[in-house]
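entry-v1.pdb, holding PDB, C-alpha atoms:
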```pdb
MODEL        1
ATOM      1  CA  ALA Z 255       0.000   0.000   0.000
ATOM      2  CA  ALA Z 256       2.837   2.403   0.811
ATOM      3  CA  MET Z 257       4.424   1.761  -2.590
ATOM      4  CA  ALA Z 258       1.081   2.362  -4.288
ATOM      5  CA  ARG Z 259       0.690   5.686  -2.480
ATOM      6  CA  ARG Z 260       4.161   6.728  -3.634
ATOM      7  CA  GLN Z 261       3.102   5.899  -7.201
ATOM      8  CA  GLY Z 262       0.050   8.138  -6.900
ATOM      9  CA  ARG Z 263      -2.506   5.379  -6.215
ATOM     10  CA  PRO Z 264      -3.628   6.247  -2.684
ATOM     11  CA  GLY Z 265      -6.752   4.043  -2.787
ATOM     12  CA  VAL Z 266      -4.764   0.817  -2.951
ATOM     13  CA  ARG Z 267      -5.230  -1.479   0.032
ATOM     14  CA  LEU Z 268      -4.028  -4.957   0.894
ATOM     15  CA  SER Z 269      -6.766  -7.124   2.359
ATOM     16  CA  VAL Z 270      -6.034 -10.709   3.413
ATOM     17  CA  VAL Z 271      -8.765 -13.317   3.742
ATOM     18  CA  ILE Z 272      -7.856 -15.990   6.282
ATOM     19  CA  ALA Z 273      -9.003 -19.557   5.683
ATOM     20  CA  ARG Z 274     -11.502 -20.854   8.215
ATOM     21  CA  ASP Z 275     -10.351 -23.739  10.402
ATOM     22  CA  ASP Z 276     -13.024 -26.038   8.960
ATOM     23  CA  SER Z 277     -11.812 -25.220   5.428
ATOM     24  CA  VAL Z 278      -8.224 -26.073   6.357
ATOM     25  CA  ARG Z 279      -9.353 -29.406   7.822
ATOM     26  CA  ARG Z 280     -11.443 -30.189   4.725
ATOM     27  CA  ILE Z 281      -8.722 -29.266   2.219
ATOM     28  CA  LYS Z 282      -5.562 -30.401   4.011
ATOM     29  CA  HIS Z 283      -7.092 -33.332   5.932
ATOM     30  CA  ARG Z 284      -5.552 -32.112   9.181
ATOM     31  CA  SER Z 285      -6.121 -29.435  11.769
ATOM     32  CA  PRO Z 286      -4.313 -26.126  11.294
ATOM     33  CA  HIS Z 287      -1.316 -25.413  13.520
ATOM     34  CA  HIS Z 288      -2.782 -22.017  14.477
ATOM     35  CA  THR Z 289      -6.468 -21.204  14.894
ATOM     36  CA  GLN Z 290      -8.167 -18.917  12.396
ATOM     37  CA  ARG Z 291      -8.186 -16.191  15.057
ATOM     38  CA  GLU Z 292      -4.419 -16.586  15.600
ATOM     39  CA  ARG Z 293      -3.720 -16.594  11.840
ATOM     40  CA  CYS Z 294      -5.855 -13.490  11.444
ATOM     41  CA  ALA Z 295      -3.981 -11.671  14.227
ATOM     42  CA  LEU Z 296      -0.626 -12.700  12.744
ATOM     43  CA  MET Z 297      -1.566 -11.356   9.299
ATOM     44  CA  ALA Z 298      -3.096  -8.156  10.706
ATOM     45  CA  ALA Z 299       0.232  -7.482  12.458
ATOM     46  CA  VAL Z 300       2.121  -7.455   9.151
ATOM     47  CA  ARG Z 301       2.948  -3.832   8.358
ATOM     48  CA  LEU Z 302       1.922  -4.063   4.691
ATOM     49  CA  VAL Z 303      -1.498  -5.567   5.469
ATOM     50  CA  ASP Z 304      -4.303  -3.023   5.741
ATOM     51  CA  GLU Z 305      -7.015  -5.504   6.718
ATOM     52  CA  ALA Z 306      -7.163  -9.192   7.635
ATOM     53  CA  PHE Z 307     -10.368 -11.096   8.265
ATOM     54  CA  VAL Z 308     -11.618 -14.665   8.433
ATOM     55  CA  GLY Z 309     -13.437 -15.677   5.265
ATOM     56  CA  ALA Z 310     -17.191 -16.074   5.179
ATOM     57  CA  LYS Z 311     -18.332 -19.599   5.975
ATOM     58  CA  ASN Z 312     -18.895 -21.617   2.782
ATOM     59  CA  ASP Z 313     -19.052 -18.436   0.674
ATOM     60  CA  PHE Z 314     -15.862 -17.359  -1.097
ATOM     61  CA  ILE Z 315     -17.878 -14.833  -3.127
ATOM     62  CA  ALA Z 316     -19.081 -13.021   0.031
ATOM     63  CA  SER Z 317     -15.472 -12.545   1.147
ATOM     64  CA  VAL Z 318     -14.531 -11.167  -2.277
ATOM     65  CA  ARG Z 319     -17.537  -8.820  -2.323
ATOM     66  CA  ARG Z 320     -16.533  -7.458   1.093
ATOM     67  CA  VAL Z 321     -13.238  -6.251  -0.393
ATOM     68  CA  ASN Z 322     -14.357  -5.551  -3.992
ATOM     69  CA  PRO Z 323     -10.810  -6.116  -5.307
ATOM     70  CA  ASP Z 324      -9.243  -5.307  -8.653
ATOM     71  CA  LEU Z 325      -6.721  -8.098  -8.076
ATOM     72  CA  ILE Z 326      -6.980 -11.407  -6.220
ATOM     73  CA  VAL Z 327      -3.759 -13.191  -5.316
ATOM     74  CA  LEU Z 328      -4.046 -16.841  -4.334
ATOM     75  CA  GLY Z 329      -1.423 -18.994  -2.674
ATOM     76  CA  HIS Z 330       0.566 -21.460  -4.756
ATOM     77  CA  ASP Z 331      -1.326 -24.352  -3.163
ATOM     78  CA  GLN Z 332      -4.779 -23.084  -4.141
ATOM     79  CA  LYS Z 333      -6.050 -25.685  -6.592
ATOM     80  CA  ALA Z 334      -9.598 -24.466  -7.211
ATOM     81  CA  SER Z 335     -10.407 -22.426 -10.284
ATOM     82  CA  TRP Z 336     -12.433 -19.456  -9.066
ATOM     83  CA  GLU Z 337     -12.668 -17.561 -12.357
ATOM     84  CA  ASP Z 338     -15.991 -19.077 -13.487
ATOM     85  CA  ALA Z 339     -17.672 -18.627 -10.102
ATOM     86  CA  LEU Z 340     -16.441 -15.032  -9.842
ATOM     87  CA  HIS Z 341     -17.562 -14.177 -13.378
ATOM     88  CA  ALA Z 342     -20.987 -15.733 -12.717
ATOM     89  CA  ALA Z 343     -21.250 -13.417  -9.684
ATOM     90  CA  GLY Z 344     -20.311 -10.387 -11.814
ATOM     91  CA  ILE Z 345     -16.799 -10.081 -10.374
ATOM     92  CA  TYR Z 346     -14.039  -9.612 -12.956
ATOM     93  CA  ALA Z 347     -10.984  -9.086 -10.764
ATOM     94  CA  LYS Z 348      -7.702 -10.314 -12.185
ATOM     95  CA  ILE Z 349      -6.502 -13.508 -10.484
ATOM     96  CA  LEU Z 350      -2.837 -14.351  -9.902
ATOM     97  CA  ARG Z 351      -1.272 -17.295  -8.108
ATOM     98  CA  CYS Z 352       1.917 -16.835  -6.089
ATOM     99  CA  PRO Z 353       4.797 -19.142  -6.866
ATOM    100  CA  PRO Z 354       6.095 -21.135  -3.887
ATOM    101  CA  TYR Z 355       8.684 -19.209  -1.911
ATOM    102  CA  GLU Z 356      11.671 -21.370  -1.041
ATOM    103  CA  ARG Z 357       9.228 -24.259  -0.782
ATOM    104  CA  GLN Z 358      11.625 -26.785   0.732
ATOM    105  CA  ARG Z 359      12.800 -24.392   3.414
ATOM    106  CA  LEU Z 360       9.784 -22.267   4.376
ATOM    107  CA  LYS Z 361       6.827 -24.576   3.795
ATOM    108  CA  THR Z 362       4.699 -25.017   6.930
ATOM    109  CA  THR Z 363       5.098 -28.797   6.931
ATOM    110  CA  VAL Z 364       8.877 -28.324   6.999
ATOM    111  CA  LEU Z 365       8.667 -25.726   9.788
ATOM    112  CA  ARG Z 366       6.050 -27.596  11.862
ATOM    113  CA  PRO Z 367       8.532 -29.468  14.135
ATOM    114  CA  ASP Z 368      10.207 -26.147  15.034
ATOM    115  CA  LEU Z 369       6.832 -24.474  15.620
ATOM    116  CA  GLU Z 370       5.712 -27.320  17.874
ATOM    117  CA  ARG Z 371       8.942 -27.125  19.903
ATOM    118  CA  MET Z 372       8.454 -23.347  20.344
ATOM    119  CA  SER Z 373       4.887 -23.765  21.640
ATOM    120  CA  THR Z 374       5.901 -26.114  24.463
TER     121      THR Z 374
ENDMDL
END
```
Written as structure tokens, that's how I'd like the structure from this file.
Amino acid sequence: AAMARRQGRPGVRLSVVIARDDSVRRIKHRSPHHTQRERCALMAAVRLVDEAFVGAKNDFIASVRRVNPDLIVLGHDQKASWEDALHAAGIYAKILRCPPYERQRLKTTVLRPDLERMST
């Protein structure tokens, strides 16, 4: 957002939708390491994030409408194709997927043993 303001686009905001715990369990077949409330607080604390909120239950479109984005960025592990559902709802935001970032070193499943040791 700060970079956008410097480029003369002061209305740019970064909103992050946090996956619900039940969605994580359904998709990953395991419980999340942190609760949705904890993940939301962690993301809200990131300086570049203007808003973080837990996604609407069973309604991806409602979460998108709340933000009304021009651009949607999905994580590298997001498999679903949302374009058709978004277009059917009248939402034509551009969709990008992030590439994995140092996947073998920073992936949650790799970090999990360290995270579990820190929480004890």
Take the point (-4.0, -19.1, -6.4) in the file's coordinates, draw a sphere of radius 8 Å around it, and report as a PyMOL selection string every protein, DNA or RNA residue with an atom inside or on it, counting only C-alpha atoms. chain Z and resi 327-334+349-352
Just C-alpha atoms for this one: save the residues we selected as a PDB file, keeping the file's coordinate frame.
```pdb
ATOM      1  CA  VAL Z 327      -3.759 -13.191  -5.316  1.00  0.00           C
ATOM      2  CA  LEU Z 328      -4.046 -16.841  -4.334  1.00  0.00           C
ATOM      3  CA  GLY Z 329      -1.423 -18.994  -2.674  1.00  0.00           C
ATOM      4  CA  HIS Z 330       0.566 -21.460  -4.756  1.00  0.00           C
ATOM      5  CA  ASP Z 331      -1.326 -24.352  -3.163  1.00  0.00           C
ATOM      6  CA  GLN Z 332      -4.779 -23.084  -4.141  1.00  0.00           C
ATOM      7  CA  LYS Z 333      -6.050 -25.685  -6.592  1.00  0.00           C
ATOM      8  CA  ALA Z 334      -9.598 -24.466  -7.211  1.00  0.00           C
ATOM      9  CA  ILE Z 349      -6.502 -13.508 -10.484  1.00  0.00           C
ATOM     10  CA  LEU Z 350      -2.837 -14.351  -9.902  1.00  0.00           C
ATOM     11  CA  ARG Z 351      -1.272 -17.295  -8.108  1.00  0.00           C
ATOM     12  CA  CYS Z 352       1.917 -16.835  -6.089  1.00  0.00           C
TER      13      CYS Z 352
END
```
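Residues in contact range of segment 300-306 of chain Z, defined as at most 7 Å between only C-alpha atoms, with sequence neighbours fewer than 4 positions away removed, read Ala255, Arg267, Leu268, Ser269, Val270, Val271, Ile272, Cys294 and Leu296 of chain Z.
Note that the spacing between atom CA of Thr289 of chain Z and atom CA of Ala316 of chain Z amounts to 21.1 Å.
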Could you give me, as a PyMOL selection string, the residues within 9 Å of segment 336-345 of chain Z, counting only C-alpha atoms and dropping anything in the same chain fewer than 2 positions from it? chain Z and resi 314-315+318-319+322-323+334+347-349
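Selection result for the displayed file, with the PyMOL selection byres ((chain Z and resi 290) around 8) as criterion, is Z:Ile272, Z:Ala273, Z:Arg274, Z:Asp275, Z:His288, Z:Thr289, Z:Arg291, Z:Glu292, Z:Arg293, Z:Cys294, Z:Val308.
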Contact residues around segment 276-278 of chain Z with all atoms listed in the file at 9 Å, ignoring same-chain residues under 6 positions, as a PyMOL selection string: chain Z and resi 284-286+311-312
Measure the distance from atom CA of Ala310 of chain Z to atom CA of His287 of chain Z in Å and round it to one decimal. 20.2 Å
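Going from atom CA of Pro354 of chain Z over to atom CA of Gly265 of chain Z, you cover 28.3 Å.
Among the candidates Z:Tyr346, Z:Tyr355, Z:Ile281, Z:Ala295, the residue lying nearest to Ile326 of chain Z is Z:Tyr346 (atoms considered: all atoms listed in the file).
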If I only have part of segment 282-293 of chain Z, can you fill in all heavy atoms and write it as an mmCIF file, in the frame of the given file?
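part.cif, written as the output of this step:
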```cif
data_model
loop_
_atom_site.group_PDB
_atom_site.id
_atom_site.type_symbol
_atom_site.label_atom_id
_atom_site.label_comp_id
_atom_site.auth_asym_id
_atom_site.auth_seq_id
_atom_site.Cartn_x
_atom_site.Cartn_y
_atom_site.Cartn_z
ATOM 1 N N LYS Z 282 -6.873 -29.814 3.693
ATOM 2 C CA LYS Z 282 -5.562 -30.401 4.011
ATOM 3 C C LYS Z 282 -5.661 -31.707 4.795
ATOM 4 O O LYS Z 282 -4.650 -32.335 5.081
ATOM 5 C CB LYS Z 282 -4.704 -29.394 4.780
ATOM 6 C CG LYS Z 282 -4.368 -28.176 3.930
ATOM 7 C CD LYS Z 282 -3.336 -27.327 4.585
ATOM 8 C CE LYS Z 282 -2.948 -26.190 3.646
ATOM 9 N NZ LYS Z 282 -1.789 -25.468 4.112
ATOM 10 N N HIS Z 283 -6.865 -32.086 5.196
ATOM 11 C CA HIS Z 283 -7.092 -33.332 5.932
ATOM 12 C C HIS Z 283 -6.319 -33.377 7.250
ATOM 13 O O HIS Z 283 -5.846 -34.425 7.670
ATOM 14 C CB HIS Z 283 -6.745 -34.552 5.070
ATOM 15 C CG HIS Z 283 -7.431 -34.534 3.740
ATOM 16 N ND1 HIS Z 283 -8.778 -34.725 3.598
ATOM 17 C CD2 HIS Z 283 -6.945 -34.305 2.501
ATOM 18 C CE1 HIS Z 283 -9.109 -34.627 2.321
ATOM 19 N NE2 HIS Z 283 -8.004 -34.356 1.631
ATOM 20 N N ARG Z 284 -6.190 -32.221 7.871
ATOM 21 C CA ARG Z 284 -5.552 -32.112 9.181
ATOM 22 C C ARG Z 284 -5.978 -30.784 9.801
ATOM 23 O O ARG Z 284 -6.456 -29.884 9.112
ATOM 24 C CB ARG Z 284 -4.029 -32.181 9.079
ATOM 25 C CG ARG Z 284 -3.423 -31.026 8.300
ATOM 26 C CD ARG Z 284 -1.913 -30.946 8.485
ATOM 27 N NE ARG Z 284 -1.320 -29.938 7.639
ATOM 28 C CZ ARG Z 284 -1.326 -28.632 7.902
ATOM 29 N NH1 ARG Z 284 -1.908 -28.166 8.970
ATOM 30 N NH2 ARG Z 284 -0.749 -27.784 7.065
ATOM 31 N N SER Z 285 -5.803 -30.692 11.090
ATOM 32 C CA SER Z 285 -6.121 -29.435 11.769
ATOM 33 C C SER Z 285 -5.010 -28.421 11.522
ATOM 34 O O SER Z 285 -3.840 -28.804 11.393
ATOM 35 C CB SER Z 285 -6.259 -29.663 13.277
ATOM 36 O OG SER Z 285 -7.383 -30.453 13.544
ATOM 37 N N PRO Z 286 -5.352 -27.142 11.473
ATOM 38 C CA PRO Z 286 -4.313 -26.126 11.294
ATOM 39 C C PRO Z 286 -3.458 -26.010 12.557
ATOM 40 O O PRO Z 286 -3.913 -26.312 13.659
ATOM 41 C CB PRO Z 286 -5.107 -24.838 11.051
ATOM 42 C CG PRO Z 286 -6.441 -25.090 11.659
ATOM 43 C CD PRO Z 286 -6.692 -26.561 11.557
ATOM 44 N N HIS Z 287 -2.206 -25.589 12.373
ATOM 45 C CA HIS Z 287 -1.316 -25.413 13.520
ATOM 46 C C HIS Z 287 -1.792 -24.257 14.399
ATOM 47 O O HIS Z 287 -1.749 -24.343 15.621
ATOM 48 C CB HIS Z 287 0.126 -25.175 13.052
ATOM 49 C CG HIS Z 287 1.091 -25.075 14.178
ATOM 50 N ND1 HIS Z 287 1.446 -26.168 14.945
ATOM 51 C CD2 HIS Z 287 1.751 -24.021 14.702
ATOM 52 C CE1 HIS Z 287 2.293 -25.777 15.884
ATOM 53 N NE2 HIS Z 287 2.502 -24.490 15.750
ATOM 54 N N HIS Z 288 -2.248 -23.175 13.758
ATOM 55 C CA HIS Z 288 -2.782 -22.017 14.477
ATOM 56 C C HIS Z 288 -4.267 -21.906 14.169
ATOM 57 O O HIS Z 288 -4.700 -22.227 13.072
ATOM 58 C CB HIS Z 288 -2.095 -20.722 14.036
ATOM 59 C CG HIS Z 288 -0.635 -20.665 14.326
ATOM 60 N ND1 HIS Z 288 -0.106 -20.802 15.580
ATOM 61 C CD2 HIS Z 288 0.429 -20.497 13.509
ATOM 62 C CE1 HIS Z 288 1.198 -20.704 15.535
ATOM 63 N NE2 HIS Z 288 1.556 -20.532 14.284
ATOM 64 N N THR Z 289 -5.037 -21.398 15.117
ATOM 65 C CA THR Z 289 -6.468 -21.204 14.894
ATOM 66 C C THR Z 289 -6.680 -20.064 13.901
ATOM 67 O O THR Z 289 -5.768 -19.253 13.665
ATOM 68 C CB THR Z 289 -7.197 -20.846 16.200
ATOM 69 O OG1 THR Z 289 -6.768 -19.547 16.626
ATOM 70 C CG2 THR Z 289 -6.949 -21.877 17.287
ATOM 71 N N GLN Z 290 -7.869 -19.998 13.346
ATOM 72 C CA GLN Z 290 -8.167 -18.917 12.396
ATOM 73 C C GLN Z 290 -8.011 -17.554 13.064
ATOM 74 O O GLN Z 290 -7.546 -16.605 12.440
ATOM 75 C CB GLN Z 290 -9.552 -19.094 11.790
ATOM 76 C CG GLN Z 290 -10.692 -19.033 12.775
ATOM 77 C CD GLN Z 290 -12.003 -19.522 12.209
ATOM 78 O OE1 GLN Z 290 -12.039 -20.406 11.355
ATOM 79 N NE2 GLN Z 290 -13.104 -18.952 12.693
ATOM 80 N N ARG Z 291 -8.348 -17.458 14.327
ATOM 81 C CA ARG Z 291 -8.186 -16.191 15.057
ATOM 82 C C ARG Z 291 -6.699 -15.837 15.180
ATOM 83 O O ARG Z 291 -6.304 -14.686 14.993
ATOM 84 C CB ARG Z 291 -8.831 -16.288 16.429
ATOM 85 C CG ARG Z 291 -8.697 -14.990 17.225
ATOM 86 C CD ARG Z 291 -9.404 -15.071 18.525
ATOM 87 N NE ARG Z 291 -10.840 -15.081 18.251
ATOM 88 C CZ ARG Z 291 -11.761 -15.358 19.146
ATOM 89 N NH1 ARG Z 291 -11.419 -15.665 20.377
ATOM 90 N NH2 ARG Z 291 -13.036 -15.331 18.831
ATOM 91 N N GLU Z 292 -5.863 -16.831 15.497
ATOM 92 C CA GLU Z 292 -4.419 -16.586 15.600
ATOM 93 C C GLU Z 292 -3.834 -16.206 14.242
ATOM 94 O O GLU Z 292 -3.030 -15.276 14.154
ATOM 95 C CB GLU Z 292 -3.708 -17.832 16.134
ATOM 96 C CG GLU Z 292 -4.009 -18.132 17.589
ATOM 97 C CD GLU Z 292 -3.527 -19.503 18.041
ATOM 98 O OE1 GLU Z 292 -3.395 -20.426 17.186
ATOM 99 O OE2 GLU Z 292 -3.290 -19.665 19.241
ATOM 100 N N ARG Z 293 -4.223 -16.921 13.181
ATOM 101 C CA ARG Z 293 -3.720 -16.594 11.840
ATOM 102 C C ARG Z 293 -4.150 -15.197 11.424
ATOM 103 O O ARG Z 293 -3.385 -14.447 10.827
ATOM 104 C CB ARG Z 293 -4.202 -17.632 10.814
ATOM 105 C CG ARG Z 293 -3.606 -19.006 11.044
ATOM 106 C CD ARG Z 293 -3.853 -19.972 9.893
ATOM 107 N NE ARG Z 293 -5.219 -20.071 9.425
ATOM 108 C CZ ARG Z 293 -6.163 -20.840 9.969
ATOM 109 N NH1 ARG Z 293 -5.881 -21.581 11.024
ATOM 110 N NH2 ARG Z 293 -7.379 -20.878 9.446
#
```
